[in-house]
Amino acid sequence: MPETYTAVLDRFEESTAVLLLEQDDEQIDEITVARGMLPKAGRHQDAIFELEISDETVSLRYRKQDTEQRRTDAQSRFDSLSSELPDERPGTE
């Protein structure tokens with residue numbers, strides 16, 4: 001029976017891609033695959049894939065919409081946090 005994970009492209013190391021495996025929004029492991037196994041549209045940092053492992057085979061499907069949503073959510077959190085910081089420039093007290 002195949003196992004399915006959410007995989008996030010963390011980095012490239014020469015000709016391999018390092019994917020962080022997630023379940024229930026928690027990182028549980030990492031796996032390396034040949035860079036050429038990645039769909040071309042997902043060959044960038046933080047790309048999200050559906051990874052299926054069955055016997056000795058691995059298949060990847062790029063999830064463009066999930067990738068864009070995660071990027072938008074992260075930017076919103078950053079914007080929210082940065083707007084809460086006090087202005088520390090001289091003369092702005």
# chains A, B, ... in the order shown; residues from 1 in each chain; ligands from 1
>>> select_by_dssp(residues="stretch 14-68 of chain A", states="strand (DSSP E or B)", output="ChimeraX atom specification")
/A:16-23,26-34,48-54,57-62
>>> select_by_dssp(residues="chain A", states="alpha helix (DSSP H)", output="ChimeraX atom specification")
/A:64-83
>>> atom_distance(atom1="atom CA of A:Val8", atom2="atom CA of A:Ile48")
4.6 Å
>>> closest_residue(among="A:Gln45, A:Ser54, A:Ser59, A:Thr6", to="A:Gln27", atoms="only C-alpha atoms")
A:Thr6
>>> closest_residue(among="A:Asp25, A:Ile31, A:Val58, A:Ser83", to="A:Arg70", atoms="only C-alpha atoms")
A:Asp25
